[in-house]
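Colleague: Take a look at this one; I'll ask things after.
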Amino acid sequence: MIQTSELVGAAVAAQQPVVALESTVISHGLPFPHNLDLARSMENEVREHGAQPATIGVVGGVPTVGMSGAQIEHFAQASGVLKLSRRDIAYAVAMARDGATTVAATMALAAMAGVQVFATGGIGGVHRGAETSWDVSGDLTELARTPVLVVCAG
């Protein structure tokens with residue numbers, strides 16, 4: 001059910017370091033071309049420190065761990081890419097849609113693929129006005145239940 005790139009699959013099998021990266025920052029975080037530059041920089045930073053990057057997203061309905069350069073470029077420029085929390089993955093798969101993964105979705109797919117470390121720029125929380133909107137990020141629950149180490153910049 002999950003497509004894992006050859007490089008990520010080989011690194012996981014050999015118990016070499018792999019670092020998961022989310023795709024929401026690519027599709028929803030920054031405008032083009034800054035989003036593409038950031039995605040490439042994040043992957044390069046991981047490689048320079050001796051690990052294999054694994055950018056995660058749902059590509060055409062397929063959960064993908066280790067997106068290709070062309071897939072990342074598509075996510076950076078495409079409109080209509082869904083923003084997926086864990087609860088939304090099944091919808092994107094069923095509808096054969098592209099979906100950029102948030103922290104919660106990235107953690108869930110990383111764990112399923114055997115990736116144990118995830119680096120992100122920020123974790124969602126309880127949003128202002130939550131007492132009436134119930135706008136609470138799925139990231140908090142995922143952090144409690146998914147065995148993936150999360151390194152967060154903010």
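We name chains A, B, ... following the order of the structure tokens; residues begin at 1 in each chain, and ligands are numbered from 1 as shown.
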Residues of chain A in helix (DSSP H, G or I) according to DSSP, as number ranges by chain?
Modeller: A: 6-13, 24-29, 34-48, 69-77, 86-94, 103-113, 130-133, 138-145
Colleague: Check which residues of region 2-64 of chain A sit at most 12 Å from region 105-115 of chain A using only C-alpha atoms, and return one row each with the closest pair of atoms and their distance in Å to one decimal, ordered by chain and rising number, as a Markdown table.
Modeller:
| residue | atom | partner | partner_atom | distance |
| --- | --- | --- | --- | --- |
| A:Ile2 | CA | A:Ala113 | CA | 7.4 |
| A:Gln3 | CA | A:Ala113 | CA | 8.8 |
| A:Thr4 | CA | A:Ala113 | CA | 7.2 |
| A:Ser5 | CA | A:Ala113 | CA | 10.3 |
| A:Val8 | CA | A:Val115 | CA | 8.6 |
| A:Gly9 | CA | A:Ala113 | CA | 8.1 |
| A:Ala10 | CA | A:Gly114 | CA | 11.2 |
| A:Ala11 | CA | A:Val115 | CA | 9.4 |
| A:Val12 | CA | A:Gly114 | CA | 6.5 |
| A:Ala13 | CA | A:Gly114 | CA | 8.7 |
| A:Ala14 | CA | A:Gly114 | CA | 11.3 |
| A:Gln15 | CA | A:Gly114 | CA | 9.5 |
| A:Gln16 | CA | A:Val115 | CA | 10.0 |
| A:Pro17 | CA | A:Val115 | CA | 8.5 |
| A:Val18 | CA | A:Val115 | CA | 6.2 |
| A:Val19 | CA | A:Val115 | CA | 7.0 |
| A:Ala20 | CA | A:Ala110 | CA | 6.4 |
| A:Leu21 | CA | A:Thr106 | CA | 7.3 |
| A:Glu22 | CA | A:Thr106 | CA | 5.7 |
| A:Ser23 | CA | A:Thr106 | CA | 8.1 |
| A:Thr24 | CA | A:Thr106 | CA | 9.3 |
| A:Val25 | CA | A:Thr106 | CA | 11.8 |
| A:Ala51 | CA | A:Val115 | CA | 11.4 |
| A:Gln52 | CA | A:Val115 | CA | 10.2 |
| A:Pro53 | CA | A:Val115 | CA | 10.1 |
| A:Ala54 | CA | A:Val115 | CA | 8.4 |
| A:Thr55 | CA | A:Thr106 | CA | 8.7 |
| A:Ile56 | CA | A:Thr106 | CA | 6.1 |
| A:Gly57 | CA | A:Thr106 | CA | 7.4 |
| A:Val58 | CA | A:Leu109 | CA | 9.7 |
| A:Val62 | CA | A:Leu109 | CA | 11.2 |
| A:Pro63 | CA | A:Leu109 | CA | 7.4 |
| A:Thr64 | CA | A:Leu109 | CA | 8.2 |
Colleague: I need the chosen residues saved as a short mmCIF file (atom, residue, chain, number, x, y, z; two decimals), in the first residue's frame, with N, CA, C and O atoms.
Modeller:
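What ended up in again_1.cif:
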data_model
loop_
_atom_site.label_atom_id
_atom_site.label_comp_id
_atom_site.auth_asym_id
_atom_site.auth_seq_id
_atom_site.Cartn_x
_atom_site.Cartn_y
_atom_site.Cartn_z
N ILE A 2 2.08 1.20 0.52
CA ILE A 2 2.96 2.36 0.55
C ILE A 2 4.07 2.16 -0.47
O ILE A 2 4.69 1.10 -0.52
N GLN A 3 4.31 3.19 -1.27
CA GLN A 3 5.42 3.17 -2.23
C GLN A 3 6.64 3.76 -1.53
O GLN A 3 6.61 4.90 -1.08
N THR A 4 7.68 2.97 -1.43
CA THR A 4 8.92 3.44 -0.82
C THR A 4 9.98 3.50 -1.91
O THR A 4 10.14 2.54 -2.67
N SER A 5 10.69 4.61 -1.99
CA SER A 5 11.73 4.73 -3.01
C SER A 5 12.79 3.66 -2.78
O SER A 5 12.97 3.17 -1.67
N VAL A 8 15.38 4.80 -0.12
CA VAL A 8 14.86 4.76 1.25
C VAL A 8 14.68 3.32 1.71
O VAL A 8 15.08 2.95 2.81
N GLY A 9 14.12 2.48 0.84
CA GLY A 9 13.93 1.07 1.18
C GLY A 9 15.24 0.37 1.50
O GLY A 9 15.33 -0.39 2.47
N ALA A 10 16.25 0.64 0.70
CA ALA A 10 17.56 0.02 0.93
C ALA A 10 18.18 0.51 2.23
O ALA A 10 18.76 -0.28 2.98
N ALA A 11 18.05 1.80 2.52
CA ALA A 11 18.61 2.36 3.76
C ALA A 11 17.91 1.79 4.98
O ALA A 11 18.55 1.42 5.97
N VAL A 12 16.59 1.67 4.93
CA VAL A 12 15.83 1.10 6.05
C VAL A 12 16.24 -0.36 6.25
O VAL A 12 16.52 -0.79 7.37
N ALA A 13 16.33 -1.12 5.17
CA ALA A 13 16.70 -2.54 5.25
C ALA A 13 18.10 -2.73 5.82
O ALA A 13 18.35 -3.68 6.57
N ALA A 14 19.01 -1.81 5.49
CA ALA A 14 20.39 -1.90 5.97
C ALA A 14 20.58 -1.22 7.32
O ALA A 14 21.70 -1.13 7.82
N GLN A 15 19.50 -0.74 7.91
CA GLN A 15 19.52 -0.03 9.19
C GLN A 15 20.44 1.19 9.16
O GLN A 15 21.12 1.50 10.14
N GLN A 16 20.44 1.86 8.02
CA GLN A 16 21.18 3.10 7.88
C GLN A 16 20.25 4.26 8.22
O GLN A 16 19.03 4.12 8.15
N PRO A 17 20.79 5.43 8.56
CA PRO A 17 19.93 6.55 8.96
C PRO A 17 19.07 7.08 7.82
O PRO A 17 19.56 7.29 6.70
N VAL A 18 17.80 7.29 8.13
CA VAL A 18 16.84 7.88 7.21
C VAL A 18 16.09 8.95 7.99
O VAL A 18 15.71 8.74 9.13
N VAL A 19 15.87 10.09 7.34
CA VAL A 19 15.14 11.18 7.97
C VAL A 19 13.92 11.51 7.12
O VAL A 19 14.05 11.89 5.95
N ALA A 20 12.74 11.37 7.72
CA ALA A 20 11.50 11.73 7.04
C ALA A 20 11.35 13.25 7.00
O ALA A 20 11.75 13.95 7.94
N LEU A 21 10.77 13.74 5.91
CA LEU A 21 10.49 15.17 5.75
C LEU A 21 9.05 15.31 5.26
O LEU A 21 8.60 14.53 4.41
N GLU A 22 8.34 16.30 5.77
CA GLU A 22 6.95 16.49 5.36
C GLU A 22 6.88 17.22 4.02
O GLU A 22 7.84 17.85 3.59
N SER A 23 5.72 17.14 3.38
CA SER A 23 5.54 17.81 2.10
C SER A 23 4.59 19.00 2.17
O SER A 23 4.46 19.75 1.20
N THR A 24 3.93 19.22 3.31
CA THR A 24 3.02 20.36 3.41
C THR A 24 3.75 21.68 3.19
O THR A 24 3.22 22.58 2.54
N VAL A 25 4.96 21.80 3.70
CA VAL A 25 5.71 23.04 3.51
C VAL A 25 5.96 23.31 2.02
O VAL A 25 6.05 24.46 1.60
N ALA A 51 22.69 10.90 6.13
CA ALA A 51 21.43 10.16 6.18
C ALA A 51 20.72 10.25 4.82
O ALA A 51 21.05 11.09 3.98
N GLN A 52 19.75 9.39 4.64
CA GLN A 52 18.94 9.38 3.42
C GLN A 52 17.65 10.16 3.68
O GLN A 52 16.90 9.82 4.59
N PRO A 53 17.36 11.21 2.90
CA PRO A 53 16.11 11.92 3.07
C PRO A 53 14.94 11.12 2.51
O PRO A 53 15.10 10.38 1.53
N ALA A 54 13.79 11.28 3.15
CA ALA A 54 12.57 10.61 2.70
C ALA A 54 11.43 11.60 2.78
O ALA A 54 10.70 11.67 3.77
N THR A 55 11.28 12.42 1.73
CA THR A 55 10.15 13.34 1.68
C THR A 55 8.90 12.52 1.44
O THR A 55 8.88 11.64 0.57
N ILE A 56 7.86 12.79 2.22
CA ILE A 56 6.66 11.95 2.24
C ILE A 56 5.45 12.73 1.75
O ILE A 56 5.24 13.88 2.12
N GLY A 57 4.64 12.09 0.92
CA GLY A 57 3.40 12.66 0.43
C GLY A 57 2.54 11.56 -0.17
O GLY A 57 2.96 10.40 -0.25
N VAL A 58 1.34 11.92 -0.58
CA VAL A 58 0.48 10.99 -1.30
C VAL A 58 0.47 11.48 -2.75
O VAL A 58 0.02 12.59 -3.03
N VAL A 62 -1.23 7.42 -4.04
CA VAL A 62 -0.29 6.43 -3.52
C VAL A 62 0.55 7.05 -2.40
O VAL A 62 1.34 7.97 -2.68
N PRO A 63 0.43 6.56 -1.16
CA PRO A 63 1.31 7.04 -0.10
C PRO A 63 2.76 6.75 -0.49
O PRO A 63 3.10 5.60 -0.80
N THR A 64 3.59 7.78 -0.50
CA THR A 64 4.94 7.68 -1.03
C THR A 64 5.95 8.15 0.01
O THR A 64 5.87 9.27 0.49
#
Colleague: Name the residues in contact with region 98-104 of chain A at a cut-off of 7 Å, using only C-alpha atoms, excluding same-chain residues fewer than 5 positions from it; report them as a list in words.
Modeller: Glu22, Ser23, Thr24, Ser27, Ile56, Gly57, Val58, Val59, Gly60, Gly61, Val81, Leu82, Lys83, Leu84, Ser85, Arg86, Ala92, Ile123, Gly138, Asp139 and Glu142 of chain A
Colleague: May I have the residues within 10 Å of Leu38 (chain A) as a PDB file with all heavy atoms, in the first residue's frame, using only C-alpha atoms and disregarding those fewer than 6 positions away in the same chain?
Modeller:
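Resulting contents of out-v9.pdb:
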ATOM      1  N   VAL A  25       4.963  21.801   3.703  1.00  0.00           N
ATOM      2  CA  VAL A  25       5.713  23.040   3.510  1.00  0.00           C
ATOM      3  C   VAL A  25       5.959  23.306   2.024  1.00  0.00           C
ATOM      4  O   VAL A  25       6.046  24.459   1.604  1.00  0.00           O
ATOM      5  CB  VAL A  25       7.038  23.022   4.316  1.00  0.00           C
ATOM      6  CG1 VAL A  25       8.034  22.029   3.740  1.00  0.00           C
ATOM      7  CG2 VAL A  25       7.634  24.412   4.407  1.00  0.00           C
ATOM      8  N   ILE A  26       6.008  22.263   1.225  1.00  0.00           N
ATOM      9  CA  ILE A  26       6.233  22.411  -0.216  1.00  0.00           C
ATOM     10  C   ILE A  26       4.970  22.934  -0.902  1.00  0.00           C
ATOM     11  O   ILE A  26       5.018  23.872  -1.688  1.00  0.00           O
ATOM     12  CB  ILE A  26       6.664  21.068  -0.853  1.00  0.00           C
ATOM     13  CG1 ILE A  26       7.929  20.547  -0.191  1.00  0.00           C
ATOM     14  CG2 ILE A  26       6.844  21.215  -2.359  1.00  0.00           C
ATOM     15  CD1 ILE A  26       8.259  19.100  -0.511  1.00  0.00           C
ATOM     16  N   LEU A  30       5.134  27.770   1.390  1.00  0.00           N
ATOM     17  CA  LEU A  30       5.837  28.881   0.750  1.00  0.00           C
ATOM     18  C   LEU A  30       5.449  28.960  -0.720  1.00  0.00           C
ATOM     19  O   LEU A  30       5.089  27.942  -1.326  1.00  0.00           O
ATOM     20  CB  LEU A  30       7.354  28.673   0.841  1.00  0.00           C
ATOM     21  CG  LEU A  30       7.981  28.706   2.231  1.00  0.00           C
ATOM     22  CD1 LEU A  30       9.432  28.243   2.159  1.00  0.00           C
ATOM     23  CD2 LEU A  30       7.896  30.101   2.821  1.00  0.00           C
ATOM     24  N   PHE A  32       6.096  29.295  -4.832  1.00  0.00           N
ATOM     25  CA  PHE A  32       7.088  28.836  -5.802  1.00  0.00           C
ATOM     26  C   PHE A  32       7.939  30.045  -6.203  1.00  0.00           C
ATOM     27  O   PHE A  32       7.396  31.121  -6.376  1.00  0.00           O
ATOM     28  CB  PHE A  32       6.381  28.237  -7.022  1.00  0.00           C
ATOM     29  CG  PHE A  32       7.313  27.679  -8.045  1.00  0.00           C
ATOM     30  CD1 PHE A  32       7.889  26.438  -7.868  1.00  0.00           C
ATOM     31  CD2 PHE A  32       7.636  28.413  -9.170  1.00  0.00           C
ATOM     32  CE1 PHE A  32       8.775  25.929  -8.802  1.00  0.00           C
ATOM     33  CE2 PHE A  32       8.513  27.912 -10.111  1.00  0.00           C
ATOM     34  CZ  PHE A  32       9.075  26.670  -9.921  1.00  0.00           C
ATOM     35  N   ASN A  44      19.165  18.033   0.807  1.00  0.00           N
ATOM     36  CA  ASN A  44      20.630  18.129   0.736  1.00  0.00           C
ATOM     37  C   ASN A  44      21.256  18.174   2.122  1.00  0.00           C
ATOM     38  O   ASN A  44      22.305  17.568   2.359  1.00  0.00           O
ATOM     39  CB  ASN A  44      21.061  19.337  -0.095  1.00  0.00           C
ATOM     40  CG  ASN A  44      20.831  19.127  -1.572  1.00  0.00           C
ATOM     41  OD1 ASN A  44      20.776  17.995  -2.053  1.00  0.00           O
ATOM     42  ND2 ASN A  44      20.673  20.220  -2.300  1.00  0.00           N
TER      43      ASN A  44
END
Colleague: Can you tell me how far CA of Met42 (chain A) sits from CA of Ala76 (chain A), in Å to one decimal?
Modeller: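 Value for the CA of Met42 (chain A)-CA of Ala76 (chain A) distance: 13.9 Å.
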Colleague: Write out as number ranges by chain all residues of chain A that DSSP puts in strand (DSSP E) for this structure's backbone.
Modeller: A: 3-4, 18-21, 52-59, 62-65, 82-84, 99-101, 117-120, 149-152
